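Please read the structure below before turning to the comments.
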Amino acid sequence: MPFYTRLSLLLLLATSALQAAAQSIAFTKDQFSNNKEGLREAMRELKDGDTEYNADPARYAQALPHYLAAQQFNPNNAGLNVKIGDCYLHSTTKTAALPYLQKAAKLDVTADARTHFLLARALHLSAKWREAIAEYQQAQPVGGNTRNGSAEALTPNDLQRYIQQCRNGQQLMTHPVRVFIDNAGPELNSADSDYGPVVSADESTILITSRRAGSTGGKKDAEGNGYFEDIYQSTWKGKAWSRATNLGAPVNTDDHNATVGLAPDGQRMLVYSGSNGGDILEANLGGSAWGKPKQLGSRINTKYHETSATYSPDGRFLYFVSDREQGSLGRSDIYKVELESRNPPVNLGSAINTAYGEEGVFMAPDGKTMYFSSEGHNTMGGYDIFKSVFENGKWSTPENLGWPINTPDDDVFFVTSASGRHGYYSSDRPGGLGAKDIYRITFLGPEKQPLLSEEDQLLASRLAPVKQAVLEPAVAVATAQVTILKGTVTDDATKQPVEAAIDLVDNKSGLTIASFRSNSTSGRYLVSLPSGTNYGIVVRQDGYLFHSENFDLPAGATYAEVVKDIPLKRLEVGTTIVLRNIFFDTGKADLRPESTAELERLQKLLTETPALKLEMAGHTDDVGDAAKNQDLSQRRAQAVVTYLTQHGIAAARLTAAGYGEARPVVPNTNKASRQLNRRTEFKVTAK
């Protein structure tokens, strides 16, 4: 027998053997003549499944149970396995599609382009990059496929984009970031989908969106995605989160209600409402109860879909996502708007926005680092999380946070604590408690040990985390350049909480750059202070003397958290107030320009209280000659009096006294103590 004849025969036999070993079995009487009743039941399930699957739009969640029932009867039908895989690809557990689509491809060696495409998607979502690329290459004609009367508009360019995403994934996976990714546990997560976490800057409060049972309206989603969305809240108890509780009315309604953003101090919340095509609302925390969410106005909310938003740390600006057409660069873009102005929103431009979708915007408490999710840039599939830093008047090239934070599926709604040490997001990972769960990311520096503290040790042991600690350096979010100032405002005499206004002043310009309020029930406050500014902090309330603090944070100052309880003093004779934003050069008595804002506050107090008389007092530490310290303190006190008299305050209402080093508030034992003793203050002598 000639060689080529023998080779052809061998190939024919091999092909026949392959087809015999892997052949799709039809739902026919010939195949199941010994189980006609089982066949009839399986056919009913198939028919019911097809009714849901072929609906417009397709109801994949409703079709899936019917198909799975039919598949139990006949597991070897290629077309049925394709449909089951397709349903899973449209679910919250997409990776479950892979074995069904692999089986379909084995059962049908002449699988069409659509089957290759669906298998490619399942392989892609399972991070099987090379196999996915091979299947995408076999799916080239899929652009001509139609189903339900509408074309699945996949062009060769779309397929090349998927292939490029796989190549991105290959590259990112070879350079993973050093992180722990821990499931946040049953206190936050349920058997249903939990997502959209937002945290206060000090990581003391977290709010999440959940589709769990017990929702306010008790309604279930028509597409089988669980109950309507409700917002839940939890607080950090030192070693674990408290069990998340439903916020109830008026925040949660019979409709979908989802978390979008939280102010750094946790006193204002941005809420997504499904009304009007999708709008962003704002709720305020009044004491211990959230108020009814209110509209943010037509500049932000339009007839289009507004889906997520975040405050700037000073509360002046809002960054939000919209799919509005005017000024758009892609399917949905990120915009910035100044809340107190009438100016229209500004698209952040092509450095951030792509021709695809952007989503899940979050502005970090440092005021310059933005995290967002994008289908563009160098994503490994779906939405990936990116970060960009605003410096020198422009946004830096977005940086993919990398593997294993990002996955081939959608990774959206990432937020960080002010320290940058922890991030929170939702993900569908093996070993989770439900469909989507909340996860906490701990970023590790390249020289740190995988275990950072007893807190992390406890979290790791309690929650059976998915740990991914590898050798590459972390994304540099752990060096946040911000200081968190927090504490409680109280009445100095009664010790009861006080709701007070807190002004954040740029001492260099003298401008008030932000205003906040302490909580009316607890008196708690929190202020985020990005590095690079000399801040004056002024706490004021009617009936009290103002209280001032100073934080001079040079550019590059790393994260710090300062707890400062503030007792407000009423205007009484004998009351003494330290003016912490009065500045002199070393050894001199000339007022520095940064003192102007504090001096103006003092002038205003005297103007509004005509009978008020004050003694201005200067104090030094014990360094140097006592006589010289006495003279310097007297001259500094007099400099304040001179400023006030030159600005309209009668000299008879003011006296200047220098006490030198004679009246320290703390012992002069170290640098910090001596700084406290070097002060300018006033004492009420008459009112």
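By order of appearance in the structure tokens: chains A, B, ..., then residues from 1 within every chain, and ligands from 1 in the order shown.
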Applying 12 Å and only C-alpha atoms, which residues near Lys588 (chain A) remain after dropping the ones on its own chain fewer than 5 positions away? List them as a list in words.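 Neighbouring residues, sequence-local ones excluded: Phe583, Thr620, Lys628, Asn629, Asp631, Leu632, Ser633, Gln634, Arg635, Arg636, Ala637 and Ala639 of chain A.
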Dump C-alpha atoms for the selected residues as a PDB file, in the first residue's frame?
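What ended up in part-v6.pdb:
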```pdb
ATOM      1  CA  PHE A 583       3.749  82.689  64.401  1.00  0.00           C
ATOM      2  CA  THR A 620       8.628  80.977  76.154  1.00  0.00           C
ATOM      3  CA  LYS A 628      15.878  87.748  77.487  1.00  0.00           C
ATOM      4  CA  ASN A 629      12.982  85.273  77.406  1.00  0.00           C
ATOM      5  CA  ASP A 631      11.637  90.558  77.200  1.00  0.00           C
ATOM      6  CA  LEU A 632      10.877  88.470  74.078  1.00  0.00           C
ATOM      7  CA  SER A 633       7.547  87.263  75.478  1.00  0.00           C
ATOM      8  CA  GLN A 634       6.542  90.845  76.359  1.00  0.00           C
ATOM      9  CA  ARG A 635       7.379  92.114  72.880  1.00  0.00           C
ATOM     10  CA  ARG A 636       5.443  89.285  71.243  1.00  0.00           C
ATOM     11  CA  ALA A 637       2.352  89.949  73.353  1.00  0.00           C
ATOM     12  CA  ALA A 639       2.895  92.828  68.771  1.00  0.00           C
TER      13      ALA A 639
END
```
Asn550 (chain A) environment, 9 Å, only C-alpha atoms, sequence neighbours closer than 3 positions dropped, as a count of residues only: 7
Calculate how many Å separate CA of Val578 (chain A) from CA of Asp265 (chain A), rounding to one decimal.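 Between CA of Val578 (chain A) and CA of Asp265 (chain A) the gap is 25.7 Å.
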Could you pull the residues within 8 Å of Val251 (chain A), counting only C-alpha atoms, minus those fewer than 5 positions along the same chain, as a PyMOL selection string? chain A and resi 231+257+283+290-293
Counting only C-alpha atoms, the residue of A:Phe414, A:Val361, A:Thr205, A:Ile649 that sits nearest Gly238 (chain A):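 Smallest separation from Gly238 (chain A) among the options: A:Thr205.
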Show me, as a list in words, the residues that have an atom within 12 Å of Lys237 (chain A) when counting only C-alpha atoms, minus same-chain residues fewer than 6 positions from it.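 Selected residues are Glu187, Glu203, Ser204, Thr205, Ile206, Arg243 and Glu455 of chain A.
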Counting only C-alpha atoms, figure out which residue out of A:Gly624, A:Pro313, A:Pro344, A:Pro250 gets nearest to Leu285 (chain A).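 Under the stated criterion, the closest residue is A:Pro250.
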When you look at Gly382 (chain A) with a cut-off of 9 Å (counting only C-alpha atoms), what residues show up, excluding the ones that are within fewer than 2 positions of it in the same chain? I need them as a ChimeraX atom specification. /A:165,374-376,379-380,384,407-411
Output file for the selection above: N, CA and C atoms, as a short mmCIF file (atom, residue, chain, number, x, y, z; two decimals), in the first residue's frame:
```cif
data_model
loop_
_atom_site.label_atom_id
_atom_site.label_comp_id
_atom_site.auth_asym_id
_atom_site.auth_seq_id
_atom_site.Cartn_x
_atom_site.Cartn_y
_atom_site.Cartn_z
N GLN A 165 -5.98 41.59 25.93
CA GLN A 165 -6.24 41.52 27.37
C GLN A 165 -5.58 40.28 27.97
N SER A 374 -11.69 50.65 34.86
CA SER A 374 -11.78 50.95 33.43
C SER A 374 -11.75 49.67 32.61
N GLU A 375 -12.51 49.69 31.50
CA GLU A 375 -12.43 48.62 30.51
C GLU A 375 -11.34 48.90 29.49
N GLY A 376 -10.78 50.10 29.54
CA GLY A 376 -9.72 50.48 28.62
C GLY A 376 -8.36 50.36 29.29
N THR A 379 -6.11 46.74 30.65
CA THR A 379 -6.89 45.81 31.46
C THR A 379 -6.60 44.37 31.05
N MET A 380 -6.76 43.45 32.02
CA MET A 380 -6.61 42.02 31.72
C MET A 380 -7.97 41.37 31.45
N ASP A 384 -10.77 46.65 35.17
CA ASP A 384 -9.66 46.55 36.10
C ASP A 384 -9.55 47.84 36.89
N THR A 407 -8.44 40.85 38.35
CA THR A 407 -8.67 39.52 37.81
C THR A 407 -9.20 39.67 36.39
N PRO A 408 -9.40 38.56 35.66
CA PRO A 408 -9.97 38.69 34.31
C PRO A 408 -11.42 39.14 34.30
N ASP A 409 -12.11 39.05 35.43
CA ASP A 409 -13.51 39.49 35.51
C ASP A 409 -13.55 40.96 35.91
N ASP A 410 -14.76 41.50 36.12
CA ASP A 410 -14.91 42.90 36.50
C ASP A 410 -14.44 43.11 37.94
N ASP A 411 -13.56 44.07 38.13
CA ASP A 411 -13.11 44.48 39.46
C ASP A 411 -13.41 45.97 39.59
#
```
List the spatial neighbours of region 60-71 of chain A as a count of residues only - criterion: any atom at most 8 Å away, only C-alpha atoms, same-chain residues fewer than 2 positions off excluded. 28
Could you pull out the residues in region 101-176 of chain A that DSSP calls alpha helix (DSSP H) from the backbone, as a PyMOL selection string? chain A and resi 101-107+113-125+129-138+156-173
Please report the interatomic distance between CA of Ser396 (chain A) and CA of Ala351 (chain A) in Å with one decimal.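 Computing the Euclidean distance for CA of Ser396 (chain A) and CA of Ala351 (chain A) yields 7.4 Å.
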Which residue of A:Ser531, A:Gln630, A:Asn392, A:Thr494 approaches Leu568 (chain A) most closely, using only C-alpha atoms: A:Thr494
As a ChimeraX atom specification, please: every residue in region 603-645 of chain A that a backbone DSSP assignment puts in strand (DSSP E or B). /A:613-619
